[in-house]
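Below you'll find the structure, written out as structure tokens, and then a few comments.
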Amino acid sequence: MKSKTFATFVGPSIFMMILFIALPLAGVLSQSFYLTQSVYEEVEVETCTPSFTGQICLTEITTLPMLDKEGKKVTKTTFVGLRNYRNVIEFPRVIAAFANKSWQQFMTIDFWKALRFTLTFTLLTLPLVLLFGLLIALTINNAAKSIRGPVIFISLLPMIITPVIGALSIRWLFIGDGILTSFLEWWLVRDIAMFAQAWTIELMMMLYRVWHVAPFAAIVFYAALQTVNQDSLESAIIDGASRWERLRYVIIPHLMPLIVFVTLIHLMDSYRVFEEVIGFSSQSYVISLQWLTYDFLSLDMLGNRSISRASASAMLTMIGIVILLIPVLRGVWMDYKGRRL
Amino acid sequence: MTNVKALRQPLSLRLSSSIFLTFWCVVAAFPIFWITVMSVKLPIDAFNGNPLKVIFGPTTLAQGKGLSILDITIGLTILIITAKLATGWLIRMVGKFSPSGYLWAGWIIGSLTFGLLFVLVFFGLQPSLLNILNDISGILGINIIGFSTEHYSTVWFEKGFFNNFQNSLLVTTGVVTISLTFGTLAGYALSRSSSNLAFWILIIALIFRALPHSVLVTGYLPFFMNSAEILRPLLGDAAPTLYGLPWATIAVLVAINQPFTIWMLRSFFQNIPAELDEAAQVDGCSHFQAFRRVIMPVMWPGVITTGLFSFLLAYNDFLVTSLLLDVQNQTMVPAIARMFNMETTTTDQVVAVAAAVSIVAPLFFLVLFFQRQIVSGLTAGAVKG
């Protein structure tokens with residue numbers, strides 16, 4: 001393909017990605033070093049109250065946001081270097097927590113709390129998703145041909161459901177005396193409140209995520225199971241390999257590229273964990289890195305959005321995903337170079 | 001297979017395999033089934049700890065809102081007939097009556113007419129007919145299951161969900177069309193090029209795919225809020241405030257979606273042999289003509305599948321739409337989040353449940369009709385790794 005034709009074909013798409021992905025990224029990077037604030041001015045305000053002896057007037061000096069001619073708040077942007085990052089990471093509090101050797105105190109700092117949850121979530125759901133995906137794929141493959149279609153249909157439902165709604169539907173099963181909470185209470189013969197402590201909420205979030213992603217892994221693995229080399233399976237049987245050994249030494253190696261693929265996609269997606277926090281309304285117990293940025297961006301009680309802090313936390317989030325992806329990208333690069341040689 | 005006997009599985013293995021599969025199907029379907037059941041019950045029944053009471057809804061029934069055996073049989077029959085017609089008769093009719101080359105238009109008109117007819121029969125004709133039938137058919141006409149659609153009417157007519165639905169429709173249509181147009185061109189070119197540049201574009205797209213969306217939104221938000229002032233030197237007084245505009249959000253979602261679209265379409269195009277366009281070029285076509293005349297007619301399965309996934313992304317998105325759209329232009333998913341955050345009474349909760357079911361219903365039908373395409377899409381990206 002000539003490079004000119006190539007450019008015309010790829011052009012629009014690249015243009016979109018530069019305009020809406022690369023430029024915003026550069027914007028976030030620069031915003032994170034600046035701080036935009038309303039300009040405040042000191043105003044003398046005289047308040048007078050009528051009384052018997054005449055008027056009692058009080059003059060006091062208050063600070064009010066300065067307004068321009070149209071009545072909008074005047075803002076000023078200043079270069080603050082790494083201060084936004086420092087405000088997000090909060091080193092003094094980290095050091096104080098370490099000095100006290102108190103994990104709990106450490107976990108009161110939003111950023112570290114979010115980081116801890118995001119990483120635990122990502123790393124704990126990954127093996128579960130792979131395991132359940134594989135189990136579902138193997139059992140579908142084992143089922144009669146006639147029921148595979150309907151089973152795949154049902155399996156797809158958790159995957160395509162809107163994440164917020166999926167999380168909500170799980171929440172409604174557990175909230176208050178919801179059906180599953182009642183069931184657990186009856187089974188364990190004790191009182192249970194699923195939304196009263198952090199760990200149960202975290203558990204539900206992870207269960208939800210496994211429920212949501214396992215079908216994807218299952219379908220991918222199931223498709224690959226159709227292409228397992230029957231000859232090598234047969235020779236494995238002749239060599240006396242047990243069912244387990246055949247799975248371990250023939251089928252799993254065949255699936256390996258796809259296991260890597262699912263791992264990659266899952267790392268990307270679960271690092272972005274966010275909808276669960278919204279769906280389970282867990283922000284007072286459990287938060288994630290994306291939610292932290294979202295929270296900075298949303299209007300606070302005074303009607304402000306802390307864009308600068310959001311930028312800093314967004315940059316930190318991004319550094320995290322890049323670190324997580326480095327091993328995978330290195331693999332792709334080696335593979336590419338190998339193919340070229 | 002020669003070794004049939006060696007491959008035969010012991011009973012215990014087959015048993016545990018089918019038990020696990022049944023368990024999985026129950027787990028997969030249960031939450032969705034359950035919120036559907038809850039949404040048609042009064043709050044006391046919907047949040048009852050006793051599952052039987054949730055299913056049969058005695059309180060709802062006591063208020064005279066329910067379904068009789070007759071209602072259920074006739075309703076189910078109509079649904080089954082509709083499904084049969086949609087998968088058989090409709091396909092044949094569309095194929096027969098649409099002029100060649102305009103099959104897509106035939107599909108749009110056909111499915112719209114069909115949907116409208118179904119709504120007329122199911123929601124217009126059926127209830128009045130059943131009222132009469134229930135009165136004269138004795139025991140079969142007595143209500144046995146609590147059923148009330150009042151929460152749905154609250155959601156759709158009082159809470160303005162209809163408006164949100166239209167916004168969702170606008171945003172998803174925009175995203176799907178634009179991202180497919182751009183993505184098809186790029187995906188095709190990338191599948192036919194083995195240059196270093198193509199490789200790097202794909203790798204960068206992969207990195208962009210991994211970016212958390214909140215990072216990008218942080219970049220847009222300040223610009224969108226102040227865009228009227230920033231763009232004034234360029235556009236004069238016509239400079240819009242992009243915040244809250246549906247088409248600005250569409251552009252953002254298209255861009256976010258683009259890396260994924262490119263990757264997926266590229267793997268579909270790789271399955272179309274390159275000899276095809278080479279042959280066309282030998283016959284004197286330029287590369288564009290080759291694409292239009294030879295590749296376009298055979299690319300639709302892949303494009304439709306990718307379109308489904310673009311649709312899902314736009315439809316399911318919460319983060320971007322909730323931050324970049326104002327209240328009038330909000331799509332359904334952020335709207336429901338506002339709804340359950342404000343929920344105070346249990347009635348409000350059931351109304352939120354009804355809204356949730358309303359959002360899930362189109363997705364359910366999407367899987368029903370496009371299961372094959374979705375599966376092929378999932379595996380297409382996977383096979384190439």
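Chain labels run A, B, ... following the order of the structure tokens; each chain numbers its residues from 1, and ligands are numbered from 1 in the order shown.
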Might you pull out every residue within 12 Å of stretch 325-331 of chain A, with only C-alpha atoms counted and same-chain residues fewer than 6 positions away left off, and present them as a short mmCIF file (atom, residue, chain, number, x, y, z; two decimals) with N, CA, C and O atoms, in the first residue's frame?
```cif
data_model
loop_
_atom_site.label_atom_id
_atom_site.label_comp_id
_atom_site.auth_asym_id
_atom_site.auth_seq_id
_atom_site.Cartn_x
_atom_site.Cartn_y
_atom_site.Cartn_z
N PRO A 257 -2.00 -18.26 24.56
CA PRO A 257 -2.07 -16.90 23.99
C PRO A 257 -3.35 -16.19 24.40
O PRO A 257 -3.33 -14.98 24.65
N VAL A 260 -3.23 -14.98 27.95
CA VAL A 260 -2.51 -13.71 28.00
C VAL A 260 -3.40 -12.56 27.54
O VAL A 260 -3.45 -11.50 28.16
N PHE A 261 -4.16 -12.82 26.46
CA PHE A 261 -5.05 -11.79 25.93
C PHE A 261 -6.10 -11.37 26.96
O PHE A 261 -6.29 -10.18 27.23
N VAL A 262 -6.75 -12.36 27.56
CA VAL A 262 -7.78 -12.03 28.56
C VAL A 262 -7.15 -11.30 29.74
O VAL A 262 -7.71 -10.34 30.26
N THR A 263 -5.94 -11.74 30.15
CA THR A 263 -5.25 -11.07 31.25
C THR A 263 -5.03 -9.60 30.92
O THR A 263 -5.30 -8.72 31.74
N LEU A 264 -4.55 -9.36 29.70
CA LEU A 264 -4.27 -7.98 29.29
C LEU A 264 -5.53 -7.12 29.35
O LEU A 264 -5.55 -6.05 29.98
N ILE A 265 -6.61 -7.63 28.73
CA ILE A 265 -7.86 -6.86 28.71
C ILE A 265 -8.36 -6.66 30.13
O ILE A 265 -8.79 -5.57 30.52
N HIS A 266 -8.27 -7.72 30.95
CA HIS A 266 -8.80 -7.60 32.30
C HIS A 266 -7.99 -6.62 33.15
O HIS A 266 -8.56 -5.87 33.93
N LEU A 267 -6.66 -6.63 32.97
CA LEU A 267 -5.84 -5.67 33.71
C LEU A 267 -6.26 -4.25 33.36
O LEU A 267 -6.46 -3.41 34.25
N MET A 268 -6.42 -3.99 32.06
CA MET A 268 -6.82 -2.65 31.63
C MET A 268 -8.16 -2.27 32.24
O MET A 268 -8.34 -1.17 32.76
N ASP A 269 -9.11 -3.19 32.14
CA ASP A 269 -10.48 -2.85 32.53
C ASP A 269 -10.66 -2.78 34.03
O ASP A 269 -11.35 -1.91 34.54
N TYR A 271 -8.40 -2.17 36.26
CA TYR A 271 -7.69 -1.04 36.84
C TYR A 271 -8.57 0.20 36.77
O TYR A 271 -8.41 1.12 37.56
N MET A 318 -2.58 7.36 35.48
CA MET A 318 -2.03 6.94 34.21
C MET A 318 -0.68 6.28 34.37
O MET A 318 -0.39 5.27 33.74
N ILE A 319 0.15 6.86 35.24
CA ILE A 319 1.46 6.26 35.48
C ILE A 319 1.28 4.82 35.96
O ILE A 319 1.97 3.90 35.53
N LYS A 337 9.65 -7.84 16.94
CA LYS A 337 11.03 -7.85 16.45
C LYS A 337 11.41 -9.23 15.96
O LYS A 337 12.04 -9.39 14.92
N GLY A 338 10.94 -10.24 16.71
CA GLY A 338 11.22 -11.62 16.31
C GLY A 338 10.65 -11.94 14.94
O GLY A 338 11.29 -12.59 14.13
N TRP B 200 3.34 0.93 14.95
CA TRP B 200 3.35 1.89 16.05
C TRP B 200 1.97 2.50 16.28
O TRP B 200 1.58 2.75 17.42
N LEU B 202 -0.77 0.93 15.90
CA LEU B 202 -1.53 -0.07 16.65
C LEU B 202 -1.12 -0.10 18.12
O LEU B 202 -1.97 -0.23 19.00
N ILE B 203 0.19 0.00 18.37
CA ILE B 203 0.65 -0.05 19.76
C ILE B 203 0.14 1.17 20.53
O ILE B 203 -0.35 1.05 21.67
N ILE B 204 0.22 2.35 19.89
CA ILE B 204 -0.26 3.55 20.58
C ILE B 204 -1.76 3.45 20.83
O ILE B 204 -2.27 3.82 21.89
N LEU B 206 -3.31 0.74 21.37
CA LEU B 206 -3.46 -0.18 22.50
C LEU B 206 -3.27 0.56 23.83
O LEU B 206 -4.01 0.35 24.79
N ILE B 207 -2.27 1.45 23.87
CA ILE B 207 -2.04 2.21 25.10
C ILE B 207 -3.22 3.14 25.36
O ILE B 207 -3.70 3.25 26.50
N PHE B 208 -3.73 3.75 24.30
CA PHE B 208 -4.90 4.63 24.47
C PHE B 208 -6.10 3.84 24.97
O PHE B 208 -6.90 4.33 25.74
N ARG B 209 -6.20 2.59 24.51
CA ARG B 209 -7.30 1.74 24.94
C ARG B 209 -7.26 1.53 26.45
O ARG B 209 -8.29 1.39 27.10
N ALA B 210 -6.03 1.54 27.00
CA ALA B 210 -5.89 1.26 28.43
C ALA B 210 -6.14 2.48 29.29
O ALA B 210 -6.30 2.35 30.50
N LEU B 211 -6.15 3.66 28.71
CA LEU B 211 -6.29 4.87 29.52
C LEU B 211 -7.62 4.89 30.26
O LEU B 211 -8.65 4.67 29.65
N GLY B 385 -4.87 -12.12 18.84
CA GLY B 385 -4.12 -11.69 20.03
C GLY B 385 -3.81 -10.23 19.92
O GLY B 385 -2.72 -9.81 20.22
#
```
Task: All residues 9 Å or closer to B:Phe309, only C-alpha atoms, same chain fewer than 3 positions away omitted, as a ChimeraX atom specification - done: /B:176,261,304-306,312-314,374,377
Sel. of strand (DSSP E) residues, stretch 52-275 of chain B, as a JSON list (two decimals) with C-alpha atoms, in the first residue's frame:
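Produced file selection_32.json, reproduced below:
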```
[["chain", "number", "residue", "atom", "x", "y", "z"],
["B", 66, "GLY", "CA", -52.37, -8.98, 39.02],
["B", 67, "LEU", "CA", -52.22, -11.44, 36.21],
["B", 68, "SER", "CA", -54.47, -14.45, 35.75],
["B", 143, "ASN", "CA", -55.49, -13.06, 39.33],
["B", 144, "ILE", "CA", -52.79, -15.28, 40.80],
["B", 145, "ILE", "CA", -49.57, -13.27, 40.47],
["B", 146, "GLY", "CA", -49.16, -9.68, 41.58]]
```
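You can rank B:Phe311, B:Phe47, B:Phe114, B:Phe30 by their closest distance to chain A using only C-alpha atoms, and at the top of that list sits B:Phe47.
The shell of residues at most 10 Å from B:Lys159, with only C-alpha atoms counted and near chain neighbours (fewer than 5 positions) removed, consists of Tyr152, Ser153, Thr154, Asn164, Ala335, Met339, Val351 and Ala355 of chain B.
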- [ ] Would you please work out which residue, of A:Ile160, A:Asp239, A:Glu245, A:Val228, is nearest to B:Leu308 when using only C-alpha atoms?
- [x] A:Ile160
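For B:Phe224, the non-local neighbours within 8 Å, defined as residues at least 4 positions apart in the same chain or in other chains and counting only C-alpha atoms, are Tyr220, Thr241, Leu242 and Tyr243 of chain B.
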Can you write out as a Markdown table which residues of stretch 61-166 of chain A fall within 12 Å of stretch 6-29 of chain A, alongside each residue's closest atom pair and its distance in Å to one decimal, counting only C-alpha atoms and ordering rows by chain and ascending residue number?
```
| residue | atom | partner | partner_atom | distance |
| --- | --- | --- | --- | --- |
| A:Gly81 | CA | A:Leu29 | CA | 11.4 |
| A:Leu82 | CA | A:Leu29 | CA | 11.3 |
| A:Asn84 | CA | A:Leu29 | CA | 11.4 |
| A:Tyr85 | CA | A:Leu29 | CA | 11.3 |
```
Write out the residues from the selection above, keeping C-alpha atoms, as a tab-separated table (two decimals), in the first residue's frame.
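Dumped everything to again25.tsv:
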```
chain	number	residue	atom	x	y	z
A	81	GLY	CA	4.96	23.10	40.25
A	82	LEU	CA	4.33	19.83	42.02
A	84	ASN	CA	-1.09	19.58	43.16
A	85	TYR	CA	0.67	16.24	43.29
```
- [ ] Write out as number ranges by chain which residues come within 8 Å of stretch 191-206 of chain A when counting only C-alpha atoms, dropping same-chain ones fewer than 6 positions away.
- [x] A: 121, 124-125, 167, 170, 174-176, 181, 184-185, 276, 280, 282, 285-286
